[in-house]
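Raw contents of coords_1.cif, mmCIF, C-alpha atoms:
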```cif
data_target
#
loop_
_atom_site.label_atom_id
_atom_site.label_comp_id
_atom_site.auth_asym_id
_atom_site.auth_seq_id
_atom_site.Cartn_x
_atom_site.Cartn_y
_atom_site.Cartn_z
CA MET T 933 -55.54 98.68 -116.24
CA LEU T 934 -55.60 102.45 -115.82
CA LEU T 935 -58.19 103.61 -113.34
CA GLY T 936 -59.82 107.00 -113.67
CA SER T 937 -59.62 109.49 -110.84
CA LEU T 938 -63.34 109.12 -110.11
CA THR T 939 -62.94 105.35 -109.72
CA VAL T 940 -60.03 105.79 -107.33
CA ILE T 941 -62.07 108.26 -105.27
CA VAL T 942 -64.94 105.74 -105.08
CA LEU T 943 -62.56 102.98 -103.98
CA LEU T 944 -60.93 105.13 -101.35
CA ALA T 945 -64.26 106.30 -100.00
CA ALA T 946 -65.53 102.72 -99.75
CA ALA T 947 -62.45 101.31 -98.05
CA PRO T 948 -62.47 100.88 -94.27
CA LYS T 949 -60.45 103.47 -92.37
CA PRO T 950 -57.41 101.75 -90.79
CA ALA T 951 -55.26 103.00 -87.96
CA LYS T 952 -52.25 105.16 -88.77
CA LEU T 953 -49.98 103.06 -90.96
CA SER T 954 -46.31 103.23 -91.84
CA PRO T 955 -45.57 104.65 -95.30
CA THR T 956 -44.72 101.22 -96.71
CA HIS T 957 -47.77 99.57 -95.15
CA GLN T 958 -49.91 102.31 -96.66
CA ALA T 959 -48.21 101.83 -100.04
CA LEU T 960 -49.00 98.11 -99.98
CA ARG T 961 -52.57 98.81 -98.98
CA ASP T 962 -53.02 101.37 -101.75
CA GLN T 963 -51.49 98.99 -104.28
CA CYS T 964 -53.99 96.31 -103.25
CA LEU T 965 -56.89 98.77 -103.17
CA VAL T 966 -56.39 100.07 -106.69
CA TRP T 967 -54.89 97.21 -108.70
CA ALA T 968 -56.84 94.30 -107.21
CA ALA T 969 -60.11 96.03 -108.17
CA ASP T 970 -60.11 94.97 -111.84
CA PRO T 971 -63.58 93.46 -112.48
CA LYS T 972 -62.09 91.40 -115.32
CA ASN T 973 -59.63 89.71 -112.97
CA PRO T 974 -61.41 87.66 -110.27
CA TRP T 975 -58.10 86.29 -108.94
CA ALA T 976 -57.02 89.86 -108.21
CA MET T 977 -60.38 90.73 -106.64
CA ALA T 978 -60.11 87.69 -104.36
CA HIS T 979 -56.78 89.04 -103.17
CA GLY T 980 -58.38 92.43 -102.63
CA ILE T 981 -60.93 90.80 -100.33
CA THR T 982 -58.13 88.98 -98.50
CA GLY T 983 -56.21 92.20 -98.00
CA LEU T 984 -59.02 94.67 -97.36
CA GLY T 985 -62.06 92.70 -96.28
CA PRO T 986 -65.41 91.47 -97.62
CA SER T 987 -66.72 94.95 -98.48
CA PHE T 988 -63.93 95.45 -101.03
CA LEU T 989 -65.26 97.02 -104.22
CA ALA T 990 -64.42 96.35 -107.83
CA ALA T 991 -63.48 99.36 -109.95
CA ASP T 992 -66.99 99.41 -111.47
CA GLY T 993 -68.53 100.04 -108.04
CA ARG T 994 -69.90 96.55 -107.44
CA ARG T 995 -68.85 94.47 -104.45
CA ALA T 996 -65.98 92.27 -105.57
CA ASP T 997 -67.50 89.06 -104.18
CA LYS T 998 -70.70 89.70 -106.16
CA VAL T 999 -68.68 90.29 -109.34
CA MET T 1000 -66.66 87.08 -108.94
CA VAL T 1001 -69.73 84.90 -108.52
CA HIS T 1002 -72.07 86.62 -110.98
CA ASP T 1003 -69.59 87.12 -113.81
CA PHE T 1004 -67.42 84.01 -113.50
CA LEU T 1005 -69.28 81.15 -111.80
CA LEU T 1006 -70.12 78.30 -114.18
CA ARG T 1007 -72.61 75.45 -113.99
CA GLY T 1008 -71.31 71.94 -114.49
CA ARG T 1009 -67.70 73.14 -114.26
CA VAL T 1010 -65.14 70.79 -112.70
CA PRO T 1011 -63.25 72.56 -109.86
CA ASP T 1012 -61.55 69.44 -108.49
CA ALA T 1013 -60.12 66.14 -109.73
CA GLY T 1014 -61.96 65.87 -113.05
CA VAL T 1015 -65.36 64.91 -111.63
CA GLU T 1016 -68.32 65.81 -113.86
CA LYS T 1017 -70.93 65.74 -111.07
CA THR T 1018 -70.03 69.14 -109.65
CA LEU T 1019 -72.80 71.72 -109.68
CA PHE T 1020 -70.72 74.89 -109.72
CA GLY T 1021 -67.14 75.96 -110.29
CA PHE T 1022 -64.75 78.39 -111.89
CA ALA T 1023 -62.38 78.09 -114.82
CA LYS T 1024 -58.70 78.37 -113.95
CA TYR T 1025 -57.95 81.00 -116.59
CA ALA T 1026 -59.84 83.15 -119.06
CA PRO T 1027 -59.07 82.68 -122.79
CA ASP T 1028 -56.69 85.66 -122.62
CA LYS T 1029 -54.81 83.95 -119.71
CA THR T 1030 -56.23 86.26 -117.04
CA PRO T 1031 -56.32 84.16 -113.85
CA ILE T 1032 -59.79 83.31 -112.59
CA GLU T 1033 -59.19 80.53 -110.08
CA PRO T 1034 -55.73 79.05 -110.75
CA HIS T 1035 -55.80 77.32 -107.35
CA THR T 1036 -58.77 75.02 -106.86
CA ASN T 1037 -61.51 76.59 -104.69
CA LEU T 1038 -59.53 79.77 -104.01
CA ILE T 1039 -62.62 81.95 -104.47
CA THR T 1040 -64.90 80.01 -102.12
CA LYS T 1041 -62.09 79.83 -99.56
CA THR T 1042 -61.57 83.58 -99.82
CA LEU T 1043 -65.25 84.30 -99.18
CA LEU T 1044 -65.34 82.00 -96.15
CA LYS T 1045 -62.12 83.31 -94.61
CA ALA T 1046 -63.33 86.89 -95.12
CA GLY T 1047 -66.08 86.07 -92.63
CA LEU T 1048 -69.04 86.06 -95.00
CA PRO T 1049 -71.89 83.90 -93.62
CA LEU T 1050 -73.00 80.78 -95.46
CA SER T 1051 -76.36 82.46 -96.00
CA THR T 1052 -74.78 85.17 -98.20
CA ARG T 1053 -76.74 85.12 -101.45
CA TYR T 1054 -75.37 85.67 -104.93
CA ASP T 1055 -76.98 86.25 -108.30
CA THR T 1056 -75.56 84.25 -111.18
CA SER T 1057 -75.10 84.98 -114.87
CA TRP T 1058 -77.78 82.41 -115.77
CA GLY T 1059 -80.42 84.14 -113.61
CA ALA T 1060 -80.46 81.88 -110.56
CA SER T 1061 -79.60 82.87 -107.02
CA LEU T 1062 -77.51 80.72 -104.72
CA THR T 1063 -75.83 80.95 -101.34
CA LEU T 1064 -72.24 80.66 -100.22
CA GLY T 1065 -73.36 77.51 -98.42
CA GLU T 1066 -74.35 75.99 -101.78
CA LEU T 1067 -70.90 76.80 -103.15
CA VAL T 1068 -69.37 75.07 -100.14
CA ARG T 1069 -71.54 72.00 -100.68
CA SER T 1070 -70.41 71.91 -104.31
CA VAL T 1071 -66.78 71.92 -103.13
CA ALA T 1072 -67.52 68.99 -100.82
CA ARG T 1073 -69.38 67.01 -103.49
CA SER T 1074 -66.53 67.25 -105.97
CA TYR T 1075 -63.76 66.59 -103.44
CA ARG T 1076 -61.51 63.55 -103.89
CA HIS T 1077 -58.82 62.67 -101.35
CA VAL T 1078 -55.71 61.41 -103.16
CA PRO T 1079 -52.98 61.28 -100.48
CA THR T 1080 -50.43 59.47 -102.68
CA SER T 1081 -50.44 62.29 -105.28
CA GLU T 1082 -47.89 65.08 -104.97
CA PRO T 1083 -49.80 67.38 -107.39
CA TYR T 1084 -52.87 66.91 -105.16
CA TRP T 1085 -51.03 68.20 -102.09
CA ARG T 1086 -49.65 71.19 -104.00
CA ASP T 1087 -53.14 72.36 -104.95
CA VAL T 1088 -55.33 71.23 -102.06
CA GLY T 1089 -54.56 73.92 -99.47
CA TRP T 1090 -57.41 76.20 -100.50
CA THR T 1091 -59.86 73.29 -100.59
CA LEU T 1092 -58.78 72.14 -97.13
CA ASP T 1093 -59.52 75.62 -95.79
CA VAL T 1094 -63.09 75.34 -97.13
CA LEU T 1095 -63.62 71.84 -95.74
CA THR T 1096 -62.15 72.48 -92.29
CA ALA T 1097 -64.10 75.72 -91.91
CA THR T 1098 -67.36 73.85 -92.40
CA THR T 1099 -66.67 70.40 -90.88
CA LYS T 1100 -66.00 69.53 -87.24
CA PRO T 1101 -63.57 66.89 -85.93
CA GLY T 1102 -65.22 63.50 -86.10
CA GLY T 1103 -67.34 64.61 -89.04
CA SER T 1104 -67.28 63.65 -92.70
CA ILE T 1105 -67.07 65.41 -96.04
CA ALA T 1106 -70.22 64.69 -98.08
CA THR T 1107 -68.69 63.83 -101.46
CA ASP T 1108 -70.60 62.41 -104.41
CA GLU T 1109 -68.75 59.12 -103.88
CA GLY T 1110 -69.66 58.87 -100.21
CA PRO T 1111 -68.54 60.35 -96.88
CA VAL T 1112 -64.83 60.98 -96.31
CA PRO T 1113 -63.71 61.34 -92.65
CA ILE T 1114 -62.25 64.81 -92.14
CA ASP T 1115 -59.87 63.57 -89.43
CA GLN T 1116 -58.24 61.12 -91.83
CA VAL T 1117 -57.88 63.82 -94.47
CA MET T 1118 -56.21 66.23 -92.08
CA ASP T 1119 -54.00 63.60 -90.43
CA ASP T 1120 -52.79 62.74 -93.92
CA ALA T 1121 -52.30 66.45 -94.61
CA LEU T 1122 -50.07 66.90 -91.55
CA THR T 1123 -48.03 63.86 -92.58
CA ALA T 1124 -47.68 65.32 -96.09
CA LEU T 1125 -46.60 68.67 -94.64
CA GLU T 1126 -43.98 66.97 -92.49
CA ALA T 1127 -42.64 65.17 -95.55
CA ALA T 1128 -42.57 68.39 -97.56
CA THR T 1129 -40.65 70.24 -94.83
CA GLY T 1130 -38.36 67.30 -94.01
CA GLU T 1131 -35.25 68.81 -95.58
CA LEU T 1132 -35.83 72.09 -93.76
CA LYS T 1133 -36.27 70.21 -90.48
CA ALA T 1134 -32.99 68.35 -91.04
CA GLY T 1135 -31.17 71.61 -91.78
CA MET T 1136 -32.66 73.24 -88.70
CA ASN T 1137 -31.70 70.30 -86.48
CA LYS T 1138 -28.13 70.41 -87.82
CA GLY T 1139 -27.87 74.15 -87.25
CA LEU T 1140 -27.28 74.89 -90.93
CA PRO T 1141 -27.58 78.58 -91.81
CA GLN T 1142 -29.84 77.76 -94.75
CA VAL T 1143 -31.41 75.04 -96.87
CA ASP T 1144 -31.23 75.95 -100.54
CA LYS T 1145 -34.48 76.38 -102.44
CA ARG T 1146 -34.51 74.09 -105.49
CA LYS T 1147 -38.27 73.73 -106.01
CA GLN T 1148 -38.11 70.65 -103.80
CA GLY T 1149 -40.55 69.63 -101.08
CA ILE T 1150 -42.55 72.55 -99.78
CA TYR T 1151 -40.87 74.79 -102.38
CA ALA T 1152 -42.68 72.91 -105.14
CA HIS T 1153 -45.95 74.36 -103.81
CA PRO T 1154 -47.36 77.74 -104.94
CA CYS T 1155 -46.27 80.59 -102.65
CA GLY T 1156 -43.68 78.36 -101.00
CA GLY T 1157 -46.44 76.16 -99.58
CA LEU T 1158 -47.51 78.73 -97.02
CA HIS T 1159 -51.19 78.40 -97.95
CA PHE T 1160 -50.85 74.67 -97.31
CA VAL T 1161 -49.15 75.41 -93.97
CA GLN T 1162 -52.00 77.75 -93.02
CA ALA T 1163 -54.69 75.23 -93.91
CA VAL T 1164 -53.06 72.29 -92.13
CA LEU T 1165 -52.05 74.03 -88.92
CA GLY T 1166 -55.35 75.90 -88.81
CA TRP T 1167 -57.11 72.57 -88.16
CA ALA T 1168 -55.31 72.48 -84.80
CA ALA T 1169 -57.60 75.32 -83.70
CA ASN T 1170 -59.82 72.44 -82.56
CA SER T 1171 -58.68 71.47 -79.07
CA SER T 1172 -59.07 67.73 -79.70
CA VAL T 1173 -56.85 67.99 -82.78
CA ARG T 1174 -54.28 70.15 -80.99
CA LYS T 1175 -54.05 67.58 -78.21
CA ARG T 1176 -53.73 64.66 -80.63
CA TRP T 1177 -51.14 66.34 -82.86
CA GLY T 1178 -49.19 67.70 -79.89
CA THR T 1179 -45.60 68.72 -80.54
CA ARG T 1180 -45.93 68.02 -84.27
CA VAL T 1181 -47.64 71.42 -84.55
CA ASP T 1182 -44.87 73.12 -82.55
CA LYS T 1183 -42.22 71.56 -84.80
CA GLN T 1184 -43.88 72.97 -87.91
CA ILE T 1185 -43.97 76.41 -86.32
CA ASP T 1186 -40.25 76.08 -85.52
CA ILE T 1187 -39.58 75.17 -89.17
CA LEU T 1188 -41.58 78.19 -90.32
CA PHE T 1189 -39.34 80.49 -88.29
CA TYR T 1190 -36.21 78.68 -89.47
CA ARG T 1191 -37.32 79.42 -93.04
CA LEU T 1192 -37.29 83.15 -92.31
CA GLY T 1193 -33.53 83.20 -91.82
CA SER T 1194 -32.80 80.56 -94.43
CA GLU T 1195 -34.73 82.26 -97.22
CA GLY T 1196 -33.67 85.76 -96.23
CA LYS T 1197 -30.01 84.80 -96.67
CA GLN T 1198 -30.75 83.40 -100.11
CA TYR T 1199 -32.54 86.53 -101.27
CA ASP T 1200 -29.63 88.66 -100.06
CA ALA T 1201 -27.14 86.48 -101.94
CA ALA T 1202 -29.23 86.40 -105.11
CA ARG T 1203 -29.51 90.16 -105.11
CA GLN T 1204 -25.71 90.38 -105.11
CA GLN T 1205 -25.15 87.67 -107.71
CA LEU T 1206 -28.04 88.43 -110.09
CA PRO T 1207 -28.57 92.21 -110.12
CA GLN T 1208 -30.33 91.94 -113.49
CA TYR T 1209 -33.21 90.21 -111.68
CA LYS T 1210 -33.64 92.90 -109.04
CA VAL T 1211 -37.32 93.52 -109.79
CA GLU T 1212 -38.19 89.83 -109.76
CA LEU T 1213 -36.30 89.26 -106.50
CA LEU T 1214 -37.88 92.24 -104.77
CA THR T 1215 -41.27 90.95 -105.83
CA GLN T 1216 -40.49 87.50 -104.44
CA GLN T 1217 -39.40 89.09 -101.17
CA VAL T 1218 -42.79 90.78 -100.85
CA LYS T 1219 -44.37 87.38 -101.48
CA PHE T 1220 -42.33 85.58 -98.84
CA TYR T 1221 -42.28 88.17 -96.06
CA GLY T 1222 -45.95 89.01 -96.62
CA HIS T 1223 -47.01 85.37 -96.52
CA PHE T 1224 -44.80 84.72 -93.48
CA LEU T 1225 -46.48 87.54 -91.56
CA GLU T 1226 -49.90 86.42 -92.74
CA THR T 1227 -49.22 82.82 -91.68
CA THR T 1228 -47.94 83.74 -88.22
CA ALA T 1229 -50.85 86.15 -87.71
CA ARG T 1230 -53.24 83.38 -88.63
CA LEU T 1231 -51.57 81.03 -86.13
CA LYS T 1232 -52.24 83.69 -83.51
CA THR T 1233 -55.90 84.01 -84.54
CA ASP T 1234 -56.69 80.36 -85.26
CA LEU T 1235 -54.69 78.61 -82.56
CA GLY T 1236 -54.42 81.30 -79.92
CA TRP T 1237 -50.65 80.91 -80.40
CA LYS T 1238 -48.44 83.54 -78.79
CA PRO T 1239 -44.87 84.06 -80.01
CA ASN T 1240 -42.10 83.84 -77.45
CA GLU T 1241 -39.59 86.65 -77.14
CA LEU T 1242 -37.26 85.25 -79.82
CA GLN T 1243 -40.13 84.56 -82.23
CA LEU T 1244 -41.45 88.06 -81.72
CA ARG T 1245 -38.03 89.45 -82.64
CA HIS T 1246 -38.14 87.36 -85.81
CA ILE T 1247 -41.60 88.70 -86.64
CA ASN T 1248 -40.30 92.24 -86.22
CA SER T 1249 -37.34 91.32 -88.43
CA ALA T 1250 -39.74 90.11 -91.14
CA LYS T 1251 -41.65 93.40 -90.89
CA ALA T 1252 -38.38 95.33 -91.22
CA SER T 1253 -37.34 93.24 -94.24
CA LEU T 1254 -40.71 93.82 -95.88
CA ASP T 1255 -40.43 97.54 -95.16
CA ALA T 1256 -36.98 97.73 -96.77
CA THR T 1257 -38.21 95.76 -99.79
CA VAL T 1258 -41.18 98.04 -100.37
CA ARG T 1259 -38.98 101.13 -100.01
CA GLU T 1260 -36.84 99.83 -102.88
CA LEU T 1261 -39.94 99.16 -104.99
CA LEU T 1262 -41.13 102.70 -104.32
CA GLU T 1263 -37.73 104.11 -105.29
CA LEU T 1264 -38.04 102.22 -108.57
CA LYS T 1265 -41.57 103.67 -108.95
CA LEU T 1266 -42.90 100.17 -109.62
CA PHE T 1267 -46.21 100.80 -107.85
CA GLU T 1268 -47.01 103.73 -110.14
CA ALA T 1269 -49.63 103.37 -112.86
CA ALA T 1270 -47.21 103.70 -115.79
CA SER T 1271 -44.89 101.04 -114.38
CA MET T 1272 -47.70 98.63 -113.55
CA SER T 1273 -49.16 99.02 -117.05
CA ALA T 1274 -45.74 98.42 -118.62
CA LEU T 1275 -45.10 95.36 -116.43
CA LYS T 1276 -48.44 93.88 -117.44
CA ILE T 1277 -47.05 93.69 -120.97
CA SER T 1278 -43.33 93.01 -120.40
CA LYS T 1279 -43.46 90.90 -117.22
CA PRO T 1280 -47.07 89.81 -116.66
CA GLN T 1281 -46.28 87.45 -113.78
CA VAL T 1282 -44.38 90.16 -111.92
CA SER T 1283 -47.34 92.47 -112.46
CA LEU T 1284 -49.73 89.91 -110.99
CA ASP T 1285 -47.41 89.18 -108.07
CA LEU T 1286 -47.13 92.87 -107.21
CA ILE T 1287 -50.92 92.93 -106.96
CA GLY T 1288 -51.66 89.69 -105.15
CA ASP T 1289 -48.69 89.74 -102.82
CA SER T 1290 -49.27 93.37 -101.86
CA CYS T 1291 -52.69 92.23 -100.65
CA HIS T 1292 -51.20 89.29 -98.71
CA ALA T 1293 -48.56 91.58 -97.20
CA THR T 1294 -51.24 94.08 -96.19
CA HIS T 1295 -53.19 91.26 -94.56
CA GLY T 1296 -50.09 90.04 -92.74
CA LEU T 1297 -49.12 93.47 -91.47
CA ASP T 1298 -52.68 94.16 -90.35
CA GLY T 1299 -52.54 90.94 -88.33
CA TRP T 1300 -49.56 92.28 -86.37
CA GLN T 1301 -50.75 95.88 -85.90
#
```

Translate this structure into structure tokens?
Amino acid sequence: MLLGSLTVIVLLAAAPKPAKLSPTHQALRDQCLVWAADPKNPWAMAHGITGLGPSFLAADGRRADKVMVHDFLLRGRVPDAGVEKTLFGFAKYAPDKTPIEPHTNLITKTLLKAGLPLSTRYDTSWGASLTLGELVRSVARSYRHVPTSEPYWRDVGWTLDVLTATTKPGGSIATDEGPVPIDQVMDDALTALEAATGELKAGMNKGLPQVDKRKQGIYAHPCGGLHFVQAVLGWAANSSVRKRWGTRVDKQIDILFYRLGSEGKQYDAARQQLPQYKVELLTQQVKFYGHFLETTARLKTDLGWKPNELQLRHINSAKASLDATVRELLELKLFEAASMSALKISKPQVSLDLIGDSCHATHGLDGWQ
């Protein structure tokens, strides 16, 4: 997607004015601002909203949230678990493989977490008007809790964020098959997270320098499972939950920080051993460090968590690693229009990652400004 100069000017004029940013933070923000604005790519626009807020505009001048709902929402679509009773939903991919909502309920979750009220009204392609609250109710109606299914846990993080944002402890999810207690769902989710991070916990307890990533456990999840971590630990924002879960929350935070050193060492080694994959590895580093900063910033916001002195040093180390990574990407000119257009053809997943993960990294850095 090549954007005209007028479009870029419109986007820049519409974007909120942040505080003075570092050159690499600004580069990530600009990457998100321009490349996530494609009105044909709702997945990218959702990331633009995550990175730059609910007023984010598509390249055609419309608000991105309005574009996603009007142009891509379907009636009778199945967003979760193959249930035909759902009122509304999104396809996972367009016929040309452009991502629409590859992770179940990503779009509704994005709108909620951006702070849009449930009364926000959207026009649809079939002429009706509906609210964000109606989209949330559709998510609840179609929801099925399948705690014995590994694929369920890998995809449910975005859905859990919708359900926990709109249900209080002690309450129930109003599914089409009857009420499902939210406390049971989230207790199961914490247990599943503990199982997924069990190998990392063992390595941390043994003082191992790293636990190799082999797509096992939490590494079988998209984005290294950090969206799942965010959704599960975010439930502990409720004081009754925090009290009941106790040190189990603290242990997961410890594991998160252990991952920073463990994964950083593996990226450094891979860069030495596999120089032919430099671009892919740099892109994955943006993904990890950006999501790490986003996750820890969300812990601060959701739980009122405050890092201790050592944790704060680790956060600063993650920021420095992200800065160094982006500097290398800039030296390779990978954020430039010609490179992004070429990557879209030669390495489409890298192209998408450089868009989405730049937005997550922007969000994470903003959370620690």

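The space separating atom CA of Pro1280 of chain T from atom CA of Gly1089 of chain T comes to 24.6 Å.
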
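Neighbours of Gln963 of chain T closer than or equal to 8 Å, with only C-alpha atoms counted and sequence neighbours fewer than 5 positions away skipped, come out as Ala968, Phe1267, Ile1287, Ser1290 and Cys1291 of chain T.
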
With all atoms listed in the file counted and 7 Å as the cut-off, give the residues of segment 968-1076 of chain T in contact with segment 1107-1112 of chain T, each with its shortest interatomic distance in Å and the pair that gives it, as a tab-separated table.
```
residue	atom	partner	partner_atom	distance
T:Ala1072	CA	T:Thr1107	CA	5.3
T:Arg1073	CA	T:Thr1107	CA	3.8
T:Ser1074	CA	T:Thr1107	CA	6.1
T:Tyr1075	CA	T:Thr1107	CA	6.0
```

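Around Gly980 of chain T, within 7 Å and counting all atoms listed in the file, the residues found are Cys964, Leu965, Ala968, Ala969, Ala976, Met977, Ala978, Thr982, Gly983, Leu984, Phe988 and Cys1291 of chain T, once anything fewer than 2 positions away on its own chain is removed.
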
At a cut-off of 7 Å, using only C-alpha atoms, what residues contact Phe1020 of chain T? Leave out same-chain residues fewer than 4 positions from it and give the result as a count of residues only. 7

The PyMOL selection byres ((chain T and resi 1183) around 12) - which residues does that actually catch in the file I just gave you? List them as a ChimeraX atom specification. /T:1122,1125-1126,1129-1130,1132-1134,1136-1137,1165,1177-1182,1184-1190

Name every residue that the PyMOL selection byres ((chain T and resi 1235) around 7) selects in this structure, writing the answer as a PyMOL selection string with chains first and numbers rising. chain T and resi 1166+1168-1169+1231-1234+1236-1237

Taking the file above as input, evaluate the PyMOL selection byres ((chain T and resi 1036-1046) around 10) and report the hits as a tab-separated table (two decimals) with C-alpha atoms, keeping the file's coordinate frame.
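In the end it all went to expr.tsv:
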```tsv
chain	number	residue	atom	x	y	z
T	974	PRO	CA	-61.41	87.66	-110.27
T	975	TRP	CA	-58.10	86.29	-108.94
T	977	MET	CA	-60.38	90.73	-106.64
T	978	ALA	CA	-60.11	87.69	-104.36
T	979	HIS	CA	-56.78	89.04	-103.17
T	980	GLY	CA	-58.38	92.43	-102.63
T	981	ILE	CA	-60.93	90.80	-100.33
T	982	THR	CA	-58.13	88.98	-98.50
T	983	GLY	CA	-56.21	92.20	-98.00
T	984	LEU	CA	-59.02	94.67	-97.36
T	985	GLY	CA	-62.06	92.70	-96.28
T	986	PRO	CA	-65.41	91.47	-97.62
T	987	SER	CA	-66.72	94.95	-98.48
T	997	ASP	CA	-67.50	89.06	-104.18
T	1000	MET	CA	-66.66	87.08	-108.94
T	1001	VAL	CA	-69.73	84.90	-108.52
T	1005	LEU	CA	-69.28	81.15	-111.80
T	1010	VAL	CA	-65.14	70.79	-112.70
T	1011	PRO	CA	-63.25	72.56	-109.86
T	1012	ASP	CA	-61.55	69.44	-108.49
T	1013	ALA	CA	-60.12	66.14	-109.73
T	1021	GLY	CA	-67.14	75.96	-110.29
T	1022	PHE	CA	-64.75	78.39	-111.89
T	1023	ALA	CA	-62.38	78.09	-114.82
T	1024	LYS	CA	-58.70	78.37	-113.95
T	1032	ILE	CA	-59.79	83.31	-112.59
T	1033	GLU	CA	-59.19	80.53	-110.08
T	1034	PRO	CA	-55.73	79.05	-110.75
T	1035	HIS	CA	-55.80	77.32	-107.35
T	1047	GLY	CA	-66.08	86.07	-92.63
T	1048	LEU	CA	-69.04	86.06	-95.00
T	1049	PRO	CA	-71.89	83.90	-93.62
T	1050	LEU	CA	-73.00	80.78	-95.46
T	1052	THR	CA	-74.78	85.17	-98.20
T	1064	LEU	CA	-72.24	80.66	-100.22
T	1065	GLY	CA	-73.36	77.51	-98.42
T	1067	LEU	CA	-70.90	76.80	-103.15
T	1068	VAL	CA	-69.37	75.07	-100.14
T	1071	VAL	CA	-66.78	71.92	-103.13
T	1087	ASP	CA	-53.14	72.36	-104.95
T	1088	VAL	CA	-55.33	71.23	-102.06
T	1089	GLY	CA	-54.56	73.92	-99.47
T	1090	TRP	CA	-57.41	76.20	-100.50
T	1091	THR	CA	-59.86	73.29	-100.59
T	1092	LEU	CA	-58.78	72.14	-97.13
T	1093	ASP	CA	-59.52	75.62	-95.79
T	1094	VAL	CA	-63.09	75.34	-97.13
T	1095	LEU	CA	-63.62	71.84	-95.74
T	1097	ALA	CA	-64.10	75.72	-91.91
T	1098	THR	CA	-67.36	73.85	-92.40
```

Looking at all atoms listed in the file, which of T:His1002, T:Gly1299, T:Tyr1221, T:Thr1215 is the one that sits closest to Asp1285 of chain T? T:Thr1215

Excluding Trp1300 of chain T and residues on its chain fewer than 5 positions from it, collect all residues at most 10 Å away from it, counting only C-alpha atoms, and give them as a PyMOL selection string. chain T and resi 1225-1226+1228-1230+1232+1247-1248+1251+1295

Give me a file of those residues, with C-alpha atoms, as a tab-separated table (two decimals), in the frame of the given file.
```tsv
chain	number	residue	atom	x	y	z
T	1225	LEU	CA	-46.48	87.54	-91.56
T	1226	GLU	CA	-49.90	86.42	-92.74
T	1228	THR	CA	-47.94	83.74	-88.22
T	1229	ALA	CA	-50.85	86.15	-87.71
T	1230	ARG	CA	-53.24	83.38	-88.63
T	1232	LYS	CA	-52.24	83.69	-83.51
T	1247	ILE	CA	-41.60	88.70	-86.64
T	1248	ASN	CA	-40.30	92.24	-86.22
T	1251	LYS	CA	-41.65	93.40	-90.89
T	1295	HIS	CA	-53.19	91.26	-94.56
```

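Each of T:Ala1269, T:Ala1127, T:Leu1275, T:Ala1293 was checked against Phe1220 of chain T using all atoms listed in the file; the smallest atom-to-atom distance is that of T:Ala1293.
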
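Residue nearest Asp1115 of chain T, chosen from T:Tyr1084, T:Tyr1025, T:Trp1167, T:Trp967 and counting all atoms listed in the file: T:Trp1167.
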
Separation of atom CA of Thr1099 of chain T from atom CA of Pro1154 of chain T, in Å and rounded to one decimal: 25.0 Å

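As for atom CA of Leu1242 of chain T and atom CA of Arg1259 of chain T, they are spaced 25.7 Å apart.
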
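Of the listed residues (T:Gly1296, T:Gly1196, T:Pro955, T:Pro1239), T:Gly1196 comes nearest to Ser1253 of chain T; the distances count all atoms listed in the file.
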
Can you list, as a compact mmCIF listing (two decimals) with C-alpha atoms, in the coordinates of the input, every protein, DNA or RNA residue that comes within 9 Å of His1159 of chain T when you count all atoms listed in the file, leaving out same-chain residues fewer than 3 positions away?
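Heads up, here's the output in around14.txt:
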```txt
# COMPACT_ATOMS: atom_id res chain seq x y z
CA GLY T 1089 -54.56 73.92 -99.47
CA TRP T 1090 -57.41 76.20 -100.50
CA HIS T 1153 -45.95 74.36 -103.81
CA PRO T 1154 -47.36 77.74 -104.94
CA CYS T 1155 -46.27 80.59 -102.65
CA GLY T 1156 -43.68 78.36 -101.00
CA GLN T 1162 -52.00 77.75 -93.02
CA ALA T 1163 -54.69 75.23 -93.91
CA VAL T 1164 -53.06 72.29 -92.13
CA HIS T 1223 -47.01 85.37 -96.52
CA THR T 1227 -49.22 82.82 -91.68
```

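Closest approach to Val1117 of chain T from the set T:Trp1058, T:Ala1270, T:Arg1076, T:Gly1149 is made by T:Arg1076, with distances taken over all atoms listed in the file.
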